[in-house]
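Here's target-v8.cif, which has mmCIF, C-alpha atoms:
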```
data_structure
#
loop_
_atom_site.label_atom_id
_atom_site.label_comp_id
_atom_site.auth_asym_id
_atom_site.auth_seq_id
_atom_site.Cartn_x
_atom_site.Cartn_y
_atom_site.Cartn_z
CA MET A 1 -67.57 -3.56 2.69
CA PRO A 2 -68.24 -6.61 0.47
CA LEU A 3 -66.48 -4.84 -2.40
CA LEU A 4 -63.57 -3.87 -0.14
CA TRP A 5 -63.25 -7.42 1.18
CA SER A 6 -63.47 -8.85 -2.33
CA GLY A 7 -60.78 -6.48 -3.57
CA LEU A 8 -58.42 -7.36 -0.73
CA TRP A 9 -58.73 -11.11 -1.24
CA ARG A 10 -58.91 -11.15 -5.03
CA LYS A 11 -55.42 -12.64 -4.96
CA PRO A 12 -55.14 -14.36 -1.53
CA GLY A 13 -51.47 -15.27 -1.94
CA ARG A 14 -50.47 -11.70 -2.69
CA THR A 15 -52.56 -10.35 0.17
CA VAL A 16 -51.08 -12.80 2.65
CA LEU A 17 -47.55 -11.97 1.48
CA ALA A 18 -48.22 -8.22 1.85
CA LEU A 19 -49.77 -8.83 5.27
CA VAL A 20 -46.71 -10.76 6.44
CA GLN A 21 -44.33 -8.12 5.06
CA ILE A 22 -46.07 -5.31 6.91
CA LEU A 23 -46.46 -7.40 10.08
CA VAL A 24 -42.75 -8.25 10.21
CA ALA A 25 -41.72 -4.67 9.43
CA PHE A 26 -43.84 -3.20 12.21
CA ALA A 27 -42.85 -5.94 14.64
CA LEU A 28 -39.24 -4.91 13.99
CA PHE A 29 -40.22 -1.27 14.38
CA GLY A 30 -41.92 -2.02 17.71
CA LEU A 31 -38.97 -4.06 19.00
CA LEU A 32 -36.33 -1.51 18.07
CA GLN A 33 -38.24 1.61 19.09
CA GLY A 34 -39.60 -0.09 22.20
CA PHE A 35 -36.13 -1.23 23.25
CA ALA A 36 -34.62 2.23 22.76
CA SER A 37 -37.52 4.04 24.43
CA GLY A 38 -37.70 1.53 27.27
CA ILE A 39 -34.02 1.92 28.10
CA LYS A 40 -34.28 5.71 27.96
CA HIS A 41 -37.32 5.56 30.24
CA ALA A 42 -35.46 3.34 32.72
CA VAL A 43 -32.42 5.63 32.74
CA ASP A 44 -34.58 8.74 33.20
CA HIS A 45 -36.18 7.21 36.31
CA ILE A 46 -32.89 6.48 38.08
CA GLY A 47 -32.49 8.85 40.97
CA ALA A 48 -29.85 11.53 40.45
CA ASP A 49 -29.36 11.86 44.21
CA VAL A 50 -27.85 8.39 44.70
CA LEU A 51 -24.09 8.18 44.22
CA SER A 52 -21.76 5.24 43.99
CA VAL A 53 -18.22 5.40 45.40
CA HIS A 54 -15.82 2.77 44.12
CA SER A 55 -12.12 2.39 43.44
CA ARG A 56 -10.74 4.48 40.60
CA GLY A 57 -9.30 2.62 37.64
CA SER A 58 -9.35 -0.88 39.12
CA MET A 59 -11.51 -3.52 40.74
CA ALA A 60 -9.78 -3.02 44.10
CA ASP A 61 -11.82 -2.58 47.28
CA LEU A 62 -11.87 0.46 49.52
CA PRO A 63 -11.00 0.54 53.24
CA LEU A 64 -13.84 0.33 55.75
CA ALA A 65 -12.31 3.36 57.48
CA ASP A 66 -13.46 5.52 54.55
CA PHE A 67 -17.06 5.14 55.71
CA GLU A 68 -16.86 7.80 58.42
CA ARG A 69 -14.87 10.18 56.24
CA ILE A 70 -17.43 9.99 53.46
CA LYS A 71 -20.24 10.44 55.97
CA ARG A 72 -18.75 13.74 57.13
CA VAL A 73 -18.60 15.28 53.64
CA PRO A 74 -21.01 18.28 53.47
CA GLY A 75 -24.16 17.46 51.54
CA VAL A 76 -24.14 13.73 52.29
CA LYS A 77 -27.46 12.62 53.75
CA LEU A 78 -27.02 8.86 54.08
CA VAL A 79 -24.17 6.40 53.51
CA ASN A 80 -24.21 2.65 53.14
CA LEU A 81 -21.69 0.00 52.13
CA ALA A 82 -22.02 -3.22 50.20
CA ASN A 83 -20.03 -6.27 49.23
CA TYR A 84 -21.49 -8.60 46.62
CA PHE A 85 -20.79 -12.27 46.05
CA ASN A 86 -22.58 -15.05 44.22
CA ALA A 87 -23.78 -18.25 45.81
CA THR A 88 -25.50 -21.47 44.81
CA TYR A 89 -28.14 -23.40 46.68
CA GLN A 90 -27.96 -27.22 46.57
CA ASN A 91 -26.76 -27.34 42.95
CA PRO A 92 -24.75 -25.04 40.62
CA LYS A 93 -27.81 -24.12 38.54
CA GLN A 94 -29.63 -22.55 41.49
CA GLN A 95 -27.80 -19.26 41.81
CA LEU A 96 -28.46 -16.13 43.84
CA LEU A 97 -26.72 -12.94 44.88
CA ILE A 98 -25.69 -12.17 48.45
CA VAL A 99 -25.37 -8.53 49.51
CA ALA A 100 -23.37 -7.96 52.69
CA THR A 101 -24.51 -4.56 53.90
CA ASP A 102 -26.19 -2.51 56.59
CA ALA A 103 -29.74 -3.68 56.02
CA HIS A 104 -31.28 -0.69 57.82
CA ALA A 105 -29.93 1.69 55.19
CA TRP A 106 -30.21 -0.50 52.10
CA PRO A 107 -33.95 -0.07 51.34
CA ALA A 108 -33.70 3.70 51.86
CA MET A 109 -30.81 3.76 49.41
CA THR A 110 -32.48 1.77 46.64
CA ASP A 111 -36.11 3.03 46.93
CA ASN A 112 -37.53 -0.04 45.21
CA ILE A 113 -37.18 -2.56 48.06
CA VAL A 114 -39.78 -3.04 50.78
CA VAL A 115 -38.64 -4.57 54.08
CA PRO A 116 -40.81 -4.33 57.23
CA PRO A 117 -38.99 -2.69 60.20
CA THR A 118 -39.45 -5.84 62.30
CA TYR A 119 -37.34 -7.78 59.83
CA MET A 120 -34.69 -5.07 59.98
CA ASP A 121 -34.53 -5.35 63.76
CA ALA A 122 -34.38 -9.14 63.53
CA LEU A 123 -31.41 -8.95 61.17
CA ALA A 124 -29.61 -6.44 63.41
CA ASN A 125 -30.07 -8.79 66.37
CA THR A 126 -29.12 -11.99 64.52
CA ARG A 127 -25.48 -12.10 63.52
CA THR A 128 -25.96 -14.90 60.98
CA GLY A 129 -29.35 -13.57 59.90
CA ALA A 130 -30.49 -13.02 56.33
CA ILE A 131 -33.40 -11.24 54.67
CA VAL A 132 -34.24 -13.11 51.47
CA GLY A 133 -36.13 -12.03 48.37
CA ASP A 134 -39.68 -13.28 48.00
CA GLU A 135 -38.80 -14.77 44.59
CA LEU A 136 -36.30 -17.05 46.36
CA VAL A 137 -38.98 -17.97 48.90
CA ARG A 138 -41.36 -19.00 46.13
CA LYS A 139 -38.66 -20.84 44.21
CA TYR A 140 -37.10 -22.83 47.06
CA GLY A 141 -39.90 -22.94 49.61
CA TRP A 142 -37.88 -21.16 52.28
CA LYS A 143 -39.49 -20.00 55.52
CA ILE A 144 -38.62 -17.55 58.25
CA GLY A 145 -36.60 -19.34 60.94
CA GLN A 146 -35.08 -21.80 58.46
CA ARG A 147 -31.31 -22.25 58.36
CA ILE A 148 -29.90 -22.52 54.84
CA SER A 149 -26.46 -23.52 53.60
CA LEU A 150 -25.02 -21.84 50.52
CA GLN A 151 -21.95 -22.60 48.46
CA THR A 152 -19.78 -19.62 47.42
CA HIS A 153 -16.32 -18.77 46.11
CA VAL A 154 -15.52 -16.78 49.28
CA ALA A 155 -13.47 -18.77 51.78
CA GLN A 156 -14.00 -18.46 55.52
CA GLN A 157 -11.16 -18.43 58.01
CA ASN A 158 -11.60 -22.18 58.55
CA GLY A 159 -11.10 -22.74 54.81
CA SER A 160 -14.71 -23.66 54.05
CA THR A 161 -16.61 -21.94 51.22
CA ASP A 162 -19.98 -23.01 52.63
CA TRP A 163 -21.91 -20.29 54.42
CA ALA A 164 -24.91 -20.85 56.70
CA PHE A 165 -27.54 -18.19 57.32
CA ASP A 166 -30.73 -17.99 59.35
CA ILE A 167 -33.70 -16.50 57.50
CA VAL A 168 -35.18 -13.71 59.65
CA GLY A 169 -37.23 -11.83 57.07
CA ILE A 170 -38.47 -11.51 53.51
CA LEU A 171 -38.02 -8.53 51.21
CA LYS A 172 -40.20 -7.54 48.27
CA MET A 173 -39.83 -5.27 45.28
CA ARG A 174 -42.01 -2.18 45.40
CA ASP A 175 -42.88 -2.51 41.71
CA ALA A 176 -44.87 -5.69 41.06
CA GLU A 177 -43.43 -5.84 37.52
CA MET A 178 -39.94 -6.25 39.01
CA VAL A 179 -40.74 -9.20 41.24
CA HIS A 180 -38.20 -11.34 39.37
CA HIS A 181 -35.47 -9.00 40.68
CA SER A 182 -35.86 -10.30 44.22
CA THR A 183 -33.43 -13.16 43.66
CA PHE A 184 -30.95 -11.89 46.24
CA MET A 185 -30.55 -11.81 49.99
CA MET A 186 -29.11 -9.33 52.47
CA VAL A 187 -26.77 -10.34 55.28
CA ASN A 188 -24.87 -8.46 57.97
CA TYR A 189 -21.64 -6.97 56.67
CA GLY A 190 -20.10 -7.29 60.14
CA TYR A 191 -20.60 -11.06 60.22
CA TYR A 192 -19.43 -11.52 56.63
CA ASP A 193 -16.31 -9.38 57.12
CA ALA A 194 -15.28 -11.06 60.36
CA ALA A 195 -15.79 -14.58 58.99
CA ARG A 196 -14.05 -14.32 55.61
CA ALA A 197 -10.41 -15.26 55.26
CA ALA A 198 -9.23 -12.52 52.90
CA ASP A 199 -9.83 -8.81 52.29
CA ARG A 200 -11.20 -8.16 55.75
CA GLY A 201 -11.89 -4.53 56.46
CA MET A 202 -12.44 -3.79 52.76
CA VAL A 203 -15.60 -2.66 50.94
CA GLN A 204 -16.46 -3.09 47.28
CA GLN A 205 -18.82 -0.14 47.06
CA TYR A 206 -20.12 2.76 49.09
CA MET A 207 -23.52 4.12 48.19
CA LEU A 208 -24.72 7.48 49.43
CA ARG A 209 -27.71 9.73 49.05
CA VAL A 210 -27.21 13.48 48.87
CA ALA A 211 -29.52 16.01 50.49
CA ASP A 212 -29.85 18.08 47.30
CA PRO A 213 -29.74 16.31 43.89
CA LYS A 214 -28.55 19.58 42.30
CA GLN A 215 -25.40 19.36 44.42
CA ALA A 216 -24.66 15.74 43.53
CA GLY A 217 -21.81 16.71 41.23
CA ALA A 218 -20.20 18.94 43.84
CA VAL A 219 -20.49 16.23 46.51
CA ALA A 220 -18.95 13.67 44.16
CA ASP A 221 -16.02 15.98 43.44
CA ALA A 222 -15.54 16.64 47.17
CA ILE A 223 -15.37 12.92 47.95
CA ASP A 224 -12.89 12.20 45.16
CA ALA A 225 -10.77 15.18 46.25
CA LEU A 226 -10.76 13.82 49.80
CA PHE A 227 -9.02 10.64 48.67
CA ALA A 228 -6.91 12.12 45.87
CA ASN A 229 -3.25 10.99 45.82
CA SER A 230 -4.00 8.31 48.42
CA PRO A 231 -3.40 4.57 47.97
CA ASN A 232 -7.17 4.18 47.57
CA GLU A 233 -8.35 6.86 45.17
CA THR A 234 -12.07 6.88 44.54
CA ARG A 235 -14.39 7.49 41.64
CA THR A 236 -17.77 8.88 42.65
CA GLU A 237 -20.61 9.12 40.17
CA SER A 238 -24.38 9.03 40.22
CA LEU A 239 -26.19 5.86 39.28
CA LYS A 240 -27.85 7.79 36.45
CA GLU A 241 -24.45 8.83 35.08
CA MET A 242 -23.27 5.23 35.24
CA ALA A 243 -26.32 4.06 33.30
CA GLN A 244 -25.89 6.83 30.73
CA SER A 245 -22.21 5.94 30.34
CA GLN A 246 -23.11 2.33 29.68
CA MET A 247 -25.61 3.49 27.08
CA ARG A 248 -22.99 5.64 25.36
CA SER A 249 -20.62 2.67 25.24
CA LEU A 250 -23.17 0.91 23.04
CA GLY A 251 -23.00 3.74 20.50
CA ASP A 252 -25.77 5.98 19.23
CA VAL A 253 -28.64 3.55 19.77
CA ASN A 254 -31.28 6.01 18.62
CA PHE A 255 -29.47 6.65 15.33
CA VAL A 256 -29.09 2.93 14.64
CA VAL A 257 -32.74 2.29 15.46
CA ARG A 258 -33.93 5.15 13.24
CA ALA A 259 -31.66 4.07 10.37
CA ILE A 260 -32.83 0.45 10.44
CA THR A 261 -36.47 1.46 10.78
CA ALA A 262 -36.23 3.94 7.88
CA ALA A 263 -34.57 1.37 5.62
CA VAL A 264 -37.20 -1.27 6.37
CA LEU A 265 -40.15 1.09 5.89
CA PHE A 266 -38.65 2.56 2.70
CA SER A 267 -38.31 -0.87 1.13
CA LEU A 268 -41.79 -1.76 2.36
CA LEU A 269 -43.18 1.34 0.66
CA PHE A 270 -41.98 0.15 -2.76
CA SER A 271 -43.07 -3.44 -2.16
CA ILE A 272 -46.62 -2.64 -1.05
CA GLY A 273 -46.93 0.17 -3.59
CA ALA A 274 -46.03 -2.21 -6.43
CA ALA A 275 -48.54 -4.76 -5.15
CA GLN A 276 -51.29 -2.13 -5.04
CA MET A 277 -50.53 -0.96 -8.59
CA GLN A 278 -50.57 -4.54 -9.87
CA SER A 279 -53.92 -5.12 -8.18
CA VAL A 280 -55.44 -2.03 -9.81
CA ARG A 281 -54.09 -2.95 -13.25
CA GLU A 282 -55.65 -6.38 -12.99
CA ARG A 283 -58.99 -4.90 -11.92
CA THR A 284 -59.20 -2.12 -14.49
CA PRO A 285 -62.25 -3.66 -16.26
CA GLU A 286 -63.96 -4.22 -12.91
CA LEU A 287 -63.44 -0.60 -11.90
CA ALA A 288 -64.84 0.47 -15.27
CA VAL A 289 -67.95 -1.61 -14.62
CA LEU A 290 -68.39 0.07 -11.24
CA LYS A 291 -68.23 3.48 -12.92
CA THR A 292 -70.71 2.30 -15.55
CA ILE A 293 -73.33 1.34 -12.95
CA GLY A 294 -73.03 4.67 -11.15
CA PHE A 295 -70.04 4.67 -8.81
CA SER A 296 -68.44 8.11 -8.68
CA ASP A 297 -64.72 8.78 -8.93
CA GLY A 298 -64.71 9.62 -5.23
CA ALA A 299 -66.32 6.28 -4.35
CA ILE A 300 -63.71 4.38 -6.38
CA VAL A 301 -60.87 6.30 -4.71
CA ALA A 302 -62.42 5.69 -1.27
CA LEU A 303 -62.65 1.98 -2.07
CA LEU A 304 -58.95 1.74 -3.03
CA VAL A 305 -57.81 3.83 -0.07
CA GLY A 306 -60.00 1.74 2.25
CA GLU A 307 -58.33 -1.44 1.01
CA ALA A 308 -54.88 0.00 1.66
CA LEU A 309 -55.89 1.30 5.09
CA SER A 310 -57.42 -2.03 6.11
CA LEU A 311 -54.35 -3.98 5.02
CA CYS A 312 -51.76 -1.64 6.54
CA LEU A 313 -53.52 -0.84 9.82
CA VAL A 314 -54.46 -4.44 10.59
CA ALA A 315 -51.01 -5.81 9.70
CA ALA A 316 -49.25 -3.01 11.61
CA GLY A 317 -51.44 -3.64 14.65
CA LEU A 318 -50.62 -7.34 14.56
CA GLY A 319 -46.91 -6.52 14.20
CA LEU A 320 -46.89 -4.18 17.20
CA ALA A 321 -48.85 -6.74 19.22
CA LEU A 322 -46.25 -9.36 18.28
CA ALA A 323 -43.47 -7.02 19.44
CA ALA A 324 -45.25 -6.46 22.78
CA ALA A 325 -45.70 -10.22 23.19
CA LEU A 326 -42.02 -10.85 22.49
CA PHE A 327 -41.04 -8.29 25.14
CA TRP A 328 -43.37 -10.00 27.61
CA VAL A 329 -41.84 -13.41 26.87
CA ALA A 330 -38.28 -12.00 27.07
CA VAL A 331 -38.93 -10.68 30.57
CA ARG A 332 -40.52 -13.92 31.73
CA VAL A 333 -37.53 -16.00 30.61
CA ASP A 334 -35.10 -13.45 32.16
CA PHE A 335 -33.64 -12.42 28.78
CA PHE A 336 -34.34 -8.85 29.98
CA ARG A 337 -34.02 -8.16 33.68
CA ASP A 338 -36.29 -5.09 33.56
CA PRO A 339 -39.79 -4.87 32.08
CA LEU A 340 -39.71 -3.10 28.73
CA PRO A 341 -43.30 -2.34 27.77
CA ILE A 342 -43.68 -0.59 24.43
CA PRO A 343 -44.42 3.07 25.26
CA VAL A 344 -47.70 4.58 24.10
CA ALA A 345 -45.74 7.08 22.01
CA VAL A 346 -44.19 4.21 20.03
CA LEU A 347 -47.62 2.63 19.45
CA ALA A 348 -48.97 5.99 18.29
CA ALA A 349 -45.98 6.45 15.97
CA GLY A 350 -46.57 2.98 14.57
CA ALA A 351 -50.22 3.77 13.88
CA GLY A 352 -49.19 7.04 12.20
CA LEU A 353 -46.61 5.29 10.01
CA ALA A 354 -49.14 2.63 9.03
CA LEU A 355 -51.62 5.35 8.06
CA LEU A 356 -48.94 7.18 6.07
CA LEU A 357 -47.89 3.95 4.36
CA ALA A 358 -51.49 3.23 3.35
CA LEU A 359 -52.06 6.71 1.95
CA ILE A 360 -48.82 6.79 -0.04
CA THR A 361 -49.23 3.30 -1.51
CA ALA A 362 -52.86 4.06 -2.42
CA ALA A 363 -52.11 7.47 -3.96
CA LEU A 364 -50.88 6.29 -7.37
CA PRO A 365 -53.55 3.59 -7.85
CA ALA A 366 -56.21 6.11 -6.82
CA TRP A 367 -54.86 8.67 -9.28
CA ARG A 368 -54.89 5.99 -12.01
CA SER A 369 -58.54 5.24 -11.27
CA LEU A 370 -59.43 8.93 -11.61
CA LYS A 371 -57.90 8.97 -15.12
CA LEU A 372 -59.70 5.79 -16.10
CA GLU A 373 -61.76 6.03 -19.33
CA VAL A 374 -64.65 3.58 -19.14
CA ALA A 375 -64.85 2.79 -22.88
CA GLU A 376 -61.09 2.12 -23.19
CA ALA A 377 -61.02 0.06 -20.00
CA LEU A 378 -63.92 -2.14 -21.12
CA ALA A 379 -62.24 -2.57 -24.48
CA GLY A 380 -59.14 -3.81 -22.72
CA ARG A 381 -56.97 -0.85 -23.65
#
```
Can you dump the structure from the file as structure tokens?
Amino acid sequence: MPLLWSGLWRKPGRTVLALVQILVAFALFGLLQGFASGIKHAVDHIGADVLSVHSRGSMADLPLADFERIKRVPGVKLVNLANYFNATYQNPKQQLLIVATDAHAWPAMTDNIVVPPTYMDALANTRTGAIVGDELVRKYGWKIGQRISLQTHVAQQNGSTDWAFDIVGILKMRDAEMVHHSTFMMVNYGYYDAARAADRGMVQQYMLRVADPKQAGAVADAIDALFANSPNETRTESLKEMAQSQMRSLGDVNFVVRAITAAVLFSLLFSIGAAQMQSVRERTPELAVLKTIGFSDGAIVALLVGEALSLCLVAAGLGLALAAALFWVAVRVDFFRDPLPIPVAVLAAGAGLALLLALITAALPAWRSLKLEVAEALAGR
């Protein structure tokens, strides 16, 4: 170990530069691969049995009368409706989302929201009631029973854009890692629709859950056929399909990630390999002395490979740790809405690539040491 340590730090500047190069390369590898894998993981976990029904080809709303017709389509297990609008509390920087819906069905439709039944009943019995996210409660100090006033872009029939709601319950996210998602509140669609000045009787989105996920496509086609050639044609698709479509609109993310990663690691291979060869050339007399005092060829090779392994594995580990830390910070500052932990498979791939990098960059110097003639090396030839 003293010889290994001495060899690594024989030229501190070169070692630090190599360390930084490998660290940055593997941090980039962790960020790119982690981002791609994290998105794929998130898409894979979206339920295929939840469908969204919205207007085809435009941002127009759908009639409230469509609710019962959609509910009667064979294969539909549960239907809900939702209108979304943004609001601010006290000042424009304090923003939140308001979801006007049937609160009883909303948690069952989303799966990741927890609302006690007592709060559901309270909302059903309070026309101006609201169930608020626990993140909003922590941020603004709200309490159950409190009346809050919010500023929106939706005008009421009296012309005011200020809406008042009575807090009757608190909702939480089922996944503790998604607690920052609870920055919204649910209100009664009936109250919202009756109070607004425009677009009454219209719905932005219907959400439904099918009894059999395998029949989701058939149910979607049946719903769209039901409203075909009508003034309000629909487009029904699963939430997973919507997420996959958004991913495809970004291009082939996996190809881009692999291409960038390959280019970075390929250039790193030459850089670190050249540094290793330069180190061995400078230490040729020292290696000859080691052979003179009894070190075998295998011991010399093991020493050089150990140096490369120590440098590459430590730097790669620090790079992947940096990538994980950057993901953690990005989630905390709301740059990413969803947690994107680096999958274990990406960490394992990073360790494998670091090992491969070390072995390849050490191969030529090790081969050179095997061919080393002690007399010529000591003579400086």
Checklist line | Output check: residues returned by the PyMOL selection byres ((chain A and resi 73) around 9), as number ranges by chain | finding: A: 69-72, 74-76, 219, 222-223, 226
Margin query: as an MDAnalysis selection string, please: the residues near segment 102-111 of chain A (cut-off 9 Å, only C-alpha atoms, same-chain neighbours under 4 positions excluded).
Written below: chainID A and resid 50 78:82 115 117 120:121 123:124 131 174 186:190 207:209
Next item on the list: Scan for residues within 10 Å of the point (-49.4, -9.6, 6.2) in the coordinates of the file, using all atoms listed in the file, and reply as number ranges by chain.
Entry: A: 14-25, 311-312, 314-316, 318-319
Notebook entry, point to check: Just how far from atom CA of Val210 of chain A is atom CA of Ser230 of chain A, in Å to one decimal?
Noted result: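 The value is 23.8 Å.
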Item checked: Distance in Å - atom CA of Leu304 of chain A versus atom CA of Ala274 of chain A -> 13.9 Å
Check: So how far away is atom CA of Phe85 of chain A from atom CA of Phe227 of chain A, in Å?
Finding: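 Taking atom CA of Phe227 of chain A and atom CA of Phe85 of chain A, their separation equals 25.9 Å.
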Note to self: So, with all atoms listed in the file as the atoms that count, which of A:Val280, A:Ala275, A:Leu290, A:Ala218 lies closest to Gly13 of chain A?
What the structure shows: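 With all atoms listed in the file as the atom set, the closest residue is A:Ala275.
Nearest-residue note for Leu309 of chain A: choosing from A:Ala220, A:Val256, A:Leu136, A:Ala354, the minimum distance belongs to A:Ala354, counting all atoms listed in the file.
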Note to self: Let me make sure I understand: among A:Ala198, A:Val305, A:Val346, A:Ile360, which one has the smallest atom-to-atom distance to Phe270 of chain A if we use only C-alpha atoms?
What the structure shows: A:Ile360
Is it possible to get the axis-aligned box enclosing segment 126-134 of chain A (all listed atoms, 5 Å extra per side) as lines of an AutoDock Vina configuration file, with centre and edge lengths in Å rounded to one decimal?
```
center_x = -32.6
center_y = -13.1
center_z = 56.3
size_x = 24.2
size_y = 13.7
size_z = 26.5
```
Note to self: Which residues are near Ala65 of chain A? Cut-off 9 Å, all atoms listed in the file, ignore same chain within fewer than 3 positions. Put them as a PyMOL selection string.
What the structure shows: chain A and resi 62+68-69+201-202
The PyMOL selection byres ((chain A and resi 194) around 12) - which residues does that actually catch in the file I just gave you? List them as a CSV table (one decimal) with C-alpha atoms, in the frame of the given file.
```csv
chain,number,residue,atom,x,y,z
A,100,ALA,CA,-23.4,-8.0,52.7
A,127,ARG,CA,-25.5,-12.1,63.5
A,128,THR,CA,-26.0,-14.9,61.0
A,155,ALA,CA,-13.5,-18.8,51.8
A,156,GLN,CA,-14.0,-18.5,55.5
A,157,GLN,CA,-11.2,-18.4,58.0
A,158,ASN,CA,-11.6,-22.2,58.6
A,188,ASN,CA,-24.9,-8.5,58.0
A,189,TYR,CA,-21.6,-7.0,56.7
A,190,GLY,CA,-20.1,-7.3,60.1
A,191,TYR,CA,-20.6,-11.1,60.2
A,192,TYR,CA,-19.4,-11.5,56.6
A,193,ASP,CA,-16.3,-9.4,57.1
A,195,ALA,CA,-15.8,-14.6,59.0
A,196,ARG,CA,-14.0,-14.3,55.6
A,197,ALA,CA,-10.4,-15.3,55.3
A,198,ALA,CA,-9.2,-12.5,52.9
A,199,ASP,CA,-9.8,-8.8,52.3
A,200,ARG,CA,-11.2,-8.2,55.8
A,201,GLY,CA,-11.9,-4.5,56.5
A,202,MET,CA,-12.4,-3.8,52.8
```
Item checked: Among listed residues A:Val137, A:Ala225, A:Ile272, A:Ile293, nearest Thr361 of chain A (using all atoms listed in the file) ->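 Once distances to Thr361 of chain A are computed over all atoms listed in the file, the minimum belongs to A:Ile272.
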Check: Could you pull the residues within 7 Å of Asp162 of chain A, counting all atoms listed in the file, minus those fewer than 4 positions along the same chain, as a ChimeraX atom specification?
Finding: /A:149-152
Take the residues from that selection and write them out as a tab-separated table (two decimals), in the coordinates of the input, keeping C-alpha atoms.
```
chain	number	residue	atom	x	y	z
A	149	SER	CA	-26.46	-23.52	53.60
A	150	LEU	CA	-25.02	-21.84	50.52
A	151	GLN	CA	-21.95	-22.60	48.46
A	152	THR	CA	-19.78	-19.62	47.42
```
Notebook entry, point to check: So which residues touch Asp224 of chain A within 9 Å, counting only C-alpha atoms, skipping near sequence neighbours fewer than 3 positions away, as a list in words?
Noted result: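 Non-adjacent residues within range: Val53, Val219, Ala220, Asp221, Phe227, Ala228, Glu233, Thr234, Arg235 and Thr236 of chain A.
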